[in-house]
Structure formats: C-alpha cells, structure tokens
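Here is model-v3.cif, consisting of mmCIF, C-alpha atoms and all ligand atoms:
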```
data_target
loop_
_atom_site.label_atom_id
_atom_site.label_comp_id
_atom_site.auth_asym_id
_atom_site.auth_seq_id
_atom_site.Cartn_x
_atom_site.Cartn_y
_atom_site.Cartn_z
CA MET A 1 -20.17 -9.89 0.60
CA ASN A 2 -17.94 -10.87 3.50
CA PRO A 3 -15.03 -8.51 4.06
CA ILE A 4 -11.58 -9.76 3.12
CA LEU A 5 -9.98 -8.15 6.16
CA GLU A 6 -11.60 -7.28 9.46
CA LEU A 7 -10.06 -5.58 12.48
CA ASN A 8 -11.88 -5.44 15.80
CA ASP A 9 -10.63 -3.19 18.62
CA VAL A 10 -6.97 -3.74 17.77
CA SER A 11 -4.50 -2.10 20.17
CA TYR A 12 -0.72 -2.19 20.28
CA SER A 13 2.04 -0.83 22.53
CA TYR A 14 5.81 -0.92 22.10
CA HIS A 15 7.76 -1.91 25.18
CA THR A 16 11.30 -0.60 25.44
CA LEU A 17 13.77 0.06 28.25
CA ASP A 18 12.41 3.62 28.40
CA GLY A 19 8.90 2.34 29.03
CA GLU A 20 5.73 1.79 27.11
CA THR A 21 4.63 3.62 23.94
CA LYS A 22 1.01 3.04 23.08
CA ALA A 23 0.79 3.20 19.29
CA LEU A 24 -2.71 1.95 18.41
CA SER A 25 -5.91 2.22 20.38
CA ASP A 26 -9.04 0.19 19.57
CA ILE A 27 -8.81 0.21 15.78
CA SER A 28 -11.80 -1.36 14.02
CA PHE A 29 -12.51 -1.39 10.30
CA SER A 30 -13.03 -3.84 7.48
CA LEU A 31 -12.01 -3.96 3.84
CA ALA A 32 -14.31 -5.20 1.11
CA ARG A 33 -12.80 -7.25 -1.69
CA GLY A 34 -11.41 -5.06 -4.48
CA GLU A 35 -11.60 -1.93 -2.38
CA PHE A 36 -8.74 0.62 -2.30
CA THR A 37 -8.44 2.22 1.12
CA ALA A 38 -5.98 4.91 2.21
CA VAL A 39 -4.84 5.54 5.77
CA VAL A 40 -3.72 9.04 6.73
CA GLY A 41 -2.69 10.50 10.06
CA PRO A 42 -0.09 12.70 11.75
CA SER A 43 3.54 11.62 11.51
CA GLY A 44 4.41 9.05 14.17
CA CYS A 45 0.76 8.26 14.98
CA GLY A 46 1.01 4.52 14.30
CA LYS A 47 0.31 4.02 10.58
CA SER A 48 3.28 1.74 9.89
CA THR A 49 2.56 -0.13 13.10
CA LEU A 50 -0.93 -0.85 11.78
CA LEU A 51 0.44 -2.28 8.52
CA SER A 52 3.07 -4.35 10.36
CA LEU A 53 0.30 -5.94 12.45
CA ILE A 54 -1.80 -6.74 9.38
CA ALA A 55 1.29 -8.12 7.63
CA GLY A 56 1.70 -10.45 10.58
CA LEU A 57 5.10 -9.04 11.55
CA MET A 58 3.83 -8.25 15.06
CA LYS A 59 0.91 -9.39 17.19
CA PRO A 60 -1.79 -7.09 18.56
CA GLU A 61 -1.83 -6.68 22.31
CA SER A 62 -5.61 -6.93 22.26
CA GLY A 63 -8.36 -7.18 19.69
CA SER A 64 -8.73 -9.49 16.73
CA MET A 65 -7.92 -9.53 13.03
CA THR A 66 -9.36 -11.86 10.42
CA LEU A 67 -8.50 -12.53 6.79
CA ASN A 68 -11.34 -14.13 4.84
CA GLY A 69 -12.99 -14.86 8.20
CA ASP A 70 -10.00 -16.79 9.63
CA PRO A 71 -7.88 -15.40 12.45
CA LEU A 72 -4.87 -13.60 11.09
CA THR A 73 -2.14 -14.87 13.32
CA GLU A 74 1.03 -15.09 11.31
CA ASN A 75 2.59 -13.99 8.06
CA SER A 76 0.17 -14.98 5.33
CA SER A 77 1.13 -15.54 1.71
CA LYS A 78 -2.21 -13.98 0.83
CA ILE A 79 -0.81 -10.61 1.85
CA GLY A 80 1.69 -8.65 -0.26
CA TYR A 81 3.72 -5.82 1.25
CA MET A 82 5.23 -2.93 -0.67
CA LEU A 83 7.44 -0.45 1.12
CA GLN A 84 8.85 3.02 0.63
CA HIS A 85 12.07 1.68 -0.82
CA ASP A 86 11.74 -0.76 -3.67
CA HIS A 87 14.39 -3.13 -2.27
CA LEU A 88 15.54 -4.22 -5.70
CA PHE A 89 18.94 -5.92 -5.60
CA GLU A 90 21.52 -4.44 -7.91
CA TRP A 91 23.34 -7.72 -8.49
CA ARG A 92 20.20 -9.29 -9.92
CA THR A 93 18.57 -8.43 -13.24
CA VAL A 94 15.06 -6.95 -13.19
CA TYR A 95 13.68 -10.36 -14.17
CA ARG A 96 15.49 -12.12 -11.33
CA ASN A 97 14.42 -9.41 -8.88
CA VAL A 98 10.81 -9.98 -9.91
CA LEU A 99 11.24 -13.70 -9.23
CA LEU A 100 12.85 -13.20 -5.83
CA GLY A 101 9.69 -13.66 -3.72
CA ALA A 102 8.78 -16.84 -5.60
CA GLU A 103 12.34 -18.08 -5.15
CA ILE A 104 12.21 -17.46 -1.39
CA ASN A 105 8.85 -19.25 -1.20
CA LYS A 106 10.38 -22.15 -3.14
CA ALA A 107 7.72 -21.69 -5.81
CA LEU A 108 9.91 -21.05 -8.83
CA THR A 109 7.85 -23.07 -11.28
CA PRO A 110 7.76 -22.71 -15.08
CA GLU A 111 4.25 -21.23 -14.66
CA ILE A 112 5.53 -18.54 -12.31
CA LYS A 113 8.34 -17.68 -14.72
CA GLU A 114 5.84 -17.39 -17.54
CA ARG A 115 3.61 -15.16 -15.44
CA ALA A 116 6.62 -12.98 -14.58
CA ASN A 117 7.37 -12.53 -18.27
CA LYS A 118 3.71 -11.73 -18.97
CA LEU A 119 3.54 -9.13 -16.21
CA LEU A 120 6.81 -7.54 -17.34
CA GLU A 121 5.38 -7.27 -20.83
CA GLN A 122 1.99 -6.03 -19.66
CA TYR A 123 3.55 -3.29 -17.56
CA GLY A 124 6.09 -2.13 -20.12
CA LEU A 125 9.24 -3.60 -18.60
CA LYS A 126 9.93 -6.45 -21.01
CA ARG A 127 12.75 -4.50 -22.67
CA PHE A 128 14.41 -4.09 -19.28
CA ALA A 129 14.06 -7.68 -18.07
CA ARG A 130 17.81 -8.29 -18.41
CA SER A 131 18.80 -4.82 -17.14
CA LYS A 132 20.12 -4.01 -13.69
CA PRO A 133 17.79 -1.95 -11.44
CA SER A 134 20.12 1.08 -11.69
CA GLU A 135 19.33 1.33 -15.41
CA LEU A 136 15.64 1.94 -14.59
CA SER A 137 13.87 5.20 -13.73
CA GLY A 138 12.31 5.57 -10.27
CA GLY A 139 8.88 4.86 -11.74
CA MET A 140 10.03 1.73 -13.53
CA ARG A 141 11.69 0.48 -10.36
CA GLN A 142 8.40 0.83 -8.49
CA ARG A 143 6.65 -1.06 -11.28
CA ALA A 144 9.20 -3.85 -10.96
CA ALA A 145 8.68 -3.95 -7.18
CA LEU A 146 4.91 -4.10 -7.72
CA ILE A 147 5.24 -6.91 -10.27
CA ARG A 148 7.36 -8.85 -7.75
CA THR A 149 4.56 -8.43 -5.20
CA LEU A 150 1.74 -9.26 -7.66
CA LEU A 151 3.56 -12.36 -8.91
CA LEU A 152 2.79 -14.11 -5.62
CA GLU A 153 -0.91 -13.43 -6.24
CA PRO A 154 -1.67 -11.79 -2.90
CA GLU A 155 -5.32 -11.11 -2.15
CA LEU A 156 -4.48 -8.04 -0.13
CA LEU A 157 -1.80 -5.48 -0.93
CA LEU A 158 -0.28 -3.40 1.86
CA LEU A 159 1.46 -0.27 0.63
CA ASP A 160 3.54 1.70 3.12
CA GLU A 161 4.34 5.13 1.64
CA PRO A 162 5.49 3.43 -1.57
CA PHE A 163 6.00 6.70 -3.44
CA SER A 164 7.56 8.91 -0.81
CA ALA A 165 11.17 8.26 -1.86
CA LEU A 166 10.42 9.74 -5.29
CA ASP A 167 10.67 13.44 -6.14
CA TYR A 168 7.40 15.36 -6.44
CA GLN A 169 6.95 15.24 -10.23
CA THR A 170 7.83 11.56 -10.47
CA ARG A 171 5.63 10.75 -7.51
CA LEU A 172 2.56 12.19 -9.24
CA THR A 173 2.98 10.11 -12.36
CA VAL A 174 4.17 6.97 -10.58
CA SER A 175 1.40 6.98 -7.98
CA ASP A 176 -1.21 7.46 -10.70
CA ASP A 177 0.38 4.72 -12.76
CA ILE A 178 0.72 2.20 -9.93
CA GLY A 179 -2.76 3.11 -8.65
CA GLN A 180 -4.24 2.21 -12.01
CA ILE A 181 -2.30 -1.05 -12.25
CA ILE A 182 -3.64 -2.08 -8.84
CA ARG A 183 -7.19 -1.10 -9.86
CA ARG A 184 -6.97 -3.14 -13.02
CA SER A 185 -5.62 -6.13 -11.10
CA GLY A 186 -8.76 -6.01 -8.92
CA LYS A 187 -6.69 -6.42 -5.73
CA THR A 188 -7.76 -5.10 -2.38
CA ALA A 189 -5.28 -2.46 -1.26
CA LEU A 190 -4.48 -0.63 1.95
CA LEU A 191 -2.24 2.38 1.37
CA VAL A 192 -0.51 4.33 4.11
CA THR A 193 0.40 7.82 2.98
CA HIS A 194 1.08 11.28 4.39
CA ASP A 195 0.05 12.79 1.05
CA LEU A 196 -3.64 13.73 1.15
CA SER A 197 -3.79 14.34 -2.61
CA GLU A 198 -2.51 10.83 -3.17
CA ALA A 199 -5.11 9.42 -0.78
CA VAL A 200 -8.00 11.27 -2.47
CA SER A 201 -6.86 10.54 -6.02
CA LEU A 202 -6.32 6.80 -5.48
CA SER A 203 -8.80 5.49 -2.96
CA ASP A 204 -12.43 4.55 -2.35
CA ARG A 205 -12.20 5.45 1.33
CA VAL A 206 -9.82 7.39 3.52
CA ILE A 207 -9.33 6.30 7.12
CA ILE A 208 -8.24 9.28 9.22
CA LEU A 209 -6.20 8.44 12.31
CA SER A 210 -5.69 10.63 15.37
CA LYS A 211 -2.27 11.43 16.77
CA ARG A 212 -0.57 8.68 18.79
CA PRO A 213 -1.97 6.42 20.09
CA ALA A 214 -3.84 6.21 16.80
CA SER A 215 -7.57 5.75 16.92
CA ILE A 216 -9.95 6.20 13.99
CA VAL A 217 -11.23 9.77 13.84
CA ARG A 218 -13.35 9.28 10.75
CA ILE A 219 -13.67 7.21 7.61
CA VAL A 220 -14.43 9.34 4.55
CA PRO A 221 -15.93 7.59 1.50
CA ILE A 222 -14.54 9.00 -1.76
CA ALA A 223 -16.61 8.97 -4.94
CA PHE A 224 -16.13 10.97 -8.10
CA ALA A 225 -18.75 11.44 -10.81
CA LEU A 226 -16.27 10.87 -13.61
CA GLU A 227 -16.80 9.00 -16.82
CA LYS A 228 -13.16 7.88 -16.71
CA ASP A 229 -12.29 7.61 -13.03
CA THR A 230 -8.48 7.84 -13.13
CA PRO A 231 -6.24 9.41 -10.47
CA LEU A 232 -5.27 12.22 -12.86
CA ASN A 233 -8.88 13.01 -13.77
CA ARG A 234 -9.74 13.03 -10.07
CA ARG A 235 -7.02 15.58 -9.38
CA ASN A 236 -8.62 17.90 -11.95
CA ALA A 237 -12.22 17.34 -10.84
CA PRO A 238 -14.10 19.99 -8.82
CA GLU A 239 -14.84 17.58 -5.91
CA PHE A 240 -11.13 17.00 -5.38
CA LYS A 241 -10.43 20.07 -3.27
CA ASN A 242 -13.57 19.52 -1.19
CA TYR A 243 -12.36 16.06 -0.17
CA PHE A 244 -8.85 17.39 0.38
CA ASN A 245 -10.09 20.22 2.60
CA GLU A 246 -12.46 17.97 4.53
CA ILE A 247 -9.66 15.54 5.41
CA TRP A 248 -7.16 18.33 6.04
CA LYS A 249 -9.55 19.99 8.53
CA GLU A 250 -10.13 16.73 10.34
CA LEU A 251 -6.40 16.12 10.63
CA ASN A 252 -5.68 19.60 11.95
CA HIS A 253 -8.64 19.61 14.26
CA ASP A 254 -6.79 19.80 17.57
CA GLU A 255 -4.06 22.21 16.52
P1 LIG B 1 3.81 6.40 11.54
O1 LIG B 1 3.95 5.29 10.55
O2 LIG B 1 2.40 6.90 11.66
O3 LIG B 1 4.76 7.53 11.30
P2 LIG B 1 4.80 4.41 13.42
O4 LIG B 1 3.79 3.34 13.36
O5 LIG B 1 6.08 4.19 12.70
O6 LIG B 1 4.15 5.81 12.99
O7 LIG B 1 5.17 4.66 14.95
C1 LIG B 1 4.19 4.97 15.94
C2 LIG B 1 4.86 5.27 17.25
O8 LIG B 1 5.47 4.11 17.77
C3 LIG B 1 5.95 6.33 17.13
O9 LIG B 1 5.81 7.23 18.20
C4 LIG B 1 7.24 5.56 17.24
O10 LIG B 1 8.19 6.32 17.93
C5 LIG B 1 6.85 4.34 18.04
N1 LIG B 1 7.62 3.19 17.57
C6 LIG B 1 7.67 2.71 16.30
N2 LIG B 1 8.47 1.63 16.22
C7 LIG B 1 8.95 1.43 17.46
C8 LIG B 1 9.83 0.45 18.05
N3 LIG B 1 10.37 -0.53 17.32
N4 LIG B 1 10.10 0.55 19.38
C9 LIG B 1 9.54 1.53 20.11
N5 LIG B 1 8.70 2.46 19.64
C10 LIG B 1 8.40 2.42 18.34
#
```

Now, as a test, write the supplied structure out as structure tokens.
Amino acid sequence: MNPILELNDVSYSYHTLDGETKALSDISFSLARGEFTAVVGPSGCGKSTLLSLIAGLMKPESGSMTLNGDPLTENSSKIGYMLQHDHLFEWRTVYRNVLLGAEINKALTPEIKERANKLLEQYGLKRFARSKPSELSGGMRQRAALIRTLLLEPELLLLDEPFSALDYQTRLTVSDDIGQIIRRSGKTALLVTHDLSEAVSLSDRVIILSKRPASIVRIVPIAFALEKDTPLNRRNAPEFKNYFNEIWKELNHDE
C-alpha cells in the first residue's frame, strides 16, 4: 500500500542573528497507514523541528514531503497535532474545549457535536463534559486533548512529548491508555519522545536520530509475540529490555 507520509532528504536550518543552526540533515522515511512510529534522539537534536515541518508550520530548506502522494506544503487538516501541554482553556467546559478545533475551522455542525458527545462517552469523560479542565486528573485532561484532536478526523497524528508534563506514575498509565485509544482508532501516529520505554511499549517502529543536526541513525522494527499486545503487557515481556538496550546503545554510541 502507498505510504500516507513520505519524507525524502529533508533538511532544515534555523537562521538567527547569531548565525545558522542546522537542525535536520537529509531525513528520509515513510509511514504506512495505521502504523505507530516513535522518534527518539538526544535532547536538542531536532525532533520537534521534524514534527513542525510535517505539521506544515515551517518549510524544509531542501527535500520533499508528501501526504497521500501529494506535496505537503502547508498546514493540512488531515494532520492532528498533540503537544506536551494539553492547552485546555479553563474558561471553557470540557465539552467546549473538545469542540474548539471544529469551532476554529468553522465546522461546528450538529454531526460534529454528536461525534464529540460519542467520543466523550466512549473515552469515559461524559460525566465531566460540563466540568472545567481543572476538575480533571492529568490523564483525563490528556484524553480530552486527544478527543479534541480526533474530532477533526485527522489521518495522521503528530504527538510531541504528549506525556512529559505528567509525573512518572501518571505518565505510565496515561501513555498506555492514550496509546491504546490511538491503536483502536486505527490512526497513523508519529510520536516524539525522550522516553525509550514509552517508545518501545507503544510503537511498531522506532526511528533513532543522531545528535544535531539530526540524521537517521537506524530504524528499529518492534514486534512482540503477545496474545494481547498492549503497552503494559509489552513492558512485562522478556523482549522489552532487549529492545530498550538495543536503542539505548545506539543512542549512546558516540559518548
Ligand atoms: P528537540 O526537539 O530534539 O529537543 P528541537 O527540534 O527543538 O530539538 O531543536 C533542534 C535545534 O534547533 C536545537 O539546537 C535548538 O536550539 C535549535 N532551535 C530550535 N528552535 C529554534 C529557533 N526558533 N531558532 C533558532 N534555533 C532553534
């Protein structure tokens, strides 16, 4: 099947008064539909830059990017973006936060509202639809942020360290929970994380980036022989530490 997203030799540099910072160097990879891919790399190597380019927030300096075979030139509604902070607005109820993207896109139809209610129910937030975000736990807030993103029916989900603002215990349960919701939704996802356990427990492939300017060091396919392939079961499976160590070694190669 044709890939949903394809990057060919994508490079990017920031230009500031202090000079040029090359952030990405000849990045090429593709994502198959429904695939969950994680991107790991040293801090400051260019991971967020990569997502910003795919989100259409910036243009590559060279190379090409296609979405469903068409050049990806500007912000596409087929792409959903979820960030480290949930960006829920306290003056809006959970329901109205979930509808925000649709409202901005001027797509606040009765169908969308019905879908919002369905998703809230499906993901256990119906009771909190009229609550303010501050009444929700960190995990529930991330669910609400994900529902807001899913409501626009993106084909590709970009996740930039979406769990890193949560404390360790919460992060484990929330990342497993959100990972499973994304799996069930059948969406293609690209997750940037500094947490190798998260990458191994959630994804089908891990793209390992070098230090800045980021280039692809290796792409590691992840497959577990589990009857019930959930993030939690992966964490307890014997293969888990092998994958973890393999990626860890690759990342710490030149140190
Ligand atoms: P990561 O997400 O891997 O931590 P980033 O993509 O945020 O890394 O940044 C990659 C490099 O580009 C860093 O060295 C950072 O200092 C630089 N950079 C990021 N944003 C800007 C900017 N707006 N202007 C100049 N340099 C930037």

By how many Å are atom CA of A:Glu155 and atom CA of A:Arg130 apart?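 Between these atoms lies a distance of 28.4 Å.
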
For A:Ala38, find every residue with an atom within 9 Å (counting all atoms listed in the file), except residues of its own chain fewer than 5 positions away, and show them as a list in words. Ala189, Leu190, Leu191, Val192, Thr193, Glu198, Ala199, Val200, Leu202, Ser203, Asp204, Arg205, Val206, Ile207 and Ile208 of chain A

For A:Ala145, work out the shell of residues within 12 Å, counting only C-alpha atoms and skipping chain neighbours fewer than 4 positions away, then give it as a PyMOL selection string. chain A and resi 80-89+94-101+116+119-120+123+125+133+136+138-141+149-152+159+162-163+178

Residue selection dump (C-alpha atoms) as a short mmCIF file (atom, residue, chain, number, x, y, z; two decimals), in the coordinates of the input:
```cif
data_model
loop_
_atom_site.label_atom_id
_atom_site.label_comp_id
_atom_site.auth_asym_id
_atom_site.auth_seq_id
_atom_site.Cartn_x
_atom_site.Cartn_y
_atom_site.Cartn_z
CA GLY A 80 1.69 -8.65 -0.26
CA TYR A 81 3.72 -5.82 1.25
CA MET A 82 5.23 -2.93 -0.67
CA LEU A 83 7.44 -0.45 1.12
CA GLN A 84 8.85 3.02 0.63
CA HIS A 85 12.07 1.68 -0.82
CA ASP A 86 11.74 -0.76 -3.67
CA HIS A 87 14.39 -3.13 -2.27
CA LEU A 88 15.54 -4.22 -5.70
CA PHE A 89 18.94 -5.92 -5.60
CA VAL A 94 15.06 -6.95 -13.19
CA TYR A 95 13.68 -10.36 -14.17
CA ARG A 96 15.49 -12.12 -11.33
CA ASN A 97 14.42 -9.41 -8.88
CA VAL A 98 10.81 -9.98 -9.91
CA LEU A 99 11.24 -13.70 -9.23
CA LEU A 100 12.85 -13.20 -5.83
CA GLY A 101 9.69 -13.66 -3.72
CA ALA A 116 6.62 -12.98 -14.58
CA LEU A 119 3.54 -9.13 -16.21
CA LEU A 120 6.81 -7.54 -17.34
CA TYR A 123 3.55 -3.29 -17.56
CA LEU A 125 9.24 -3.60 -18.60
CA PRO A 133 17.79 -1.95 -11.44
CA LEU A 136 15.64 1.94 -14.59
CA GLY A 138 12.31 5.57 -10.27
CA GLY A 139 8.88 4.86 -11.74
CA MET A 140 10.03 1.73 -13.53
CA ARG A 141 11.69 0.48 -10.36
CA THR A 149 4.56 -8.43 -5.20
CA LEU A 150 1.74 -9.26 -7.66
CA LEU A 151 3.56 -12.36 -8.91
CA LEU A 152 2.79 -14.11 -5.62
CA LEU A 159 1.46 -0.27 0.63
CA PRO A 162 5.49 3.43 -1.57
CA PHE A 163 6.00 6.70 -3.44
CA ILE A 178 0.72 2.20 -9.93
#
```

Which neighbours of A:Ile182 fall inside 9 Å, counting only C-alpha atoms, when residues of the same chain fewer than 5 positions from it are skipped, and could you give them as a PyMOL selection string? chain A and resi 36+146+157+177+187-189

May I have the residues within 10 Å of ligand LIG 1 (chain B), computed using all atoms listed in the file, as JSON, numbers by chain? {"A": [12, 13, 14, 15, 16, 17, 18, 19, 20, 21, 22, 23, 24, 39, 40, 41, 42, 43, 44, 45, 46, 47, 48, 49, 50, 51, 52, 53, 160, 161, 192, 193, 194, 209, 210, 211, 212, 213, 214]}

Separation of atom CA of A:Ile27 from atom CA of A:Ser11, in Å and rounded to one decimal: 6.6 Å

Residue nearest A:Thr173 among A:Thr230, A:Leu156, A:Val220, A:Ser131 (counting all atoms listed in the file): A:Thr230

Point out the residue among A:Arg218, A:Arg148, A:Ser137, A:Ser64 with the least atom-to-atom distance to A:Asp167, counting all atoms listed in the file.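 Going through A:Arg218, A:Arg148, A:Ser137, A:Ser64 one by one, the smallest distance to A:Asp167 is for A:Ser137.
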
Straight-line distance linking atom CA of A:Asn8 with atom CA of A:Asn68, stated in Å to one decimal: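 Computing the Euclidean distance for atom CA of A:Asn8 and atom CA of A:Asn68 yields 14.0 Å.
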
Counting all atoms listed in the file, the residue of A:Ala237, A:Glu250, A:Asp195, A:Pro3 that sits nearest A:Ile216: A:Glu250

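Considering all atoms listed in the file, the residue among A:Ser30, A:Val174, A:Pro154, A:Leu5 positioned nearest to A:Ser76 is A:Pro154.
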
Which of these, A:Phe240, A:Lys78, A:Gly34, A:Gln122, has the shortest distance to A:Ala223 once you count only C-alpha atoms? A:Phe240

With only C-alpha atoms as the basis for distance, which of A:Val10, A:Ala129, A:Ile219, A:Ile247 is at the shortest distance from A:Ser62?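 Counting only C-alpha atoms, the residue closest to A:Ser62 is A:Val10.
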
8 Å per side around stretch 37-40 of chain A: axis-aligned box centre and edge lengths, as lines of an AutoDock Vina configuration file:
```
center_x = -6.1
center_y = 5.6
center_z = 3.9
size_x = 20.7
size_y = 22.8
size_z = 21.6
```
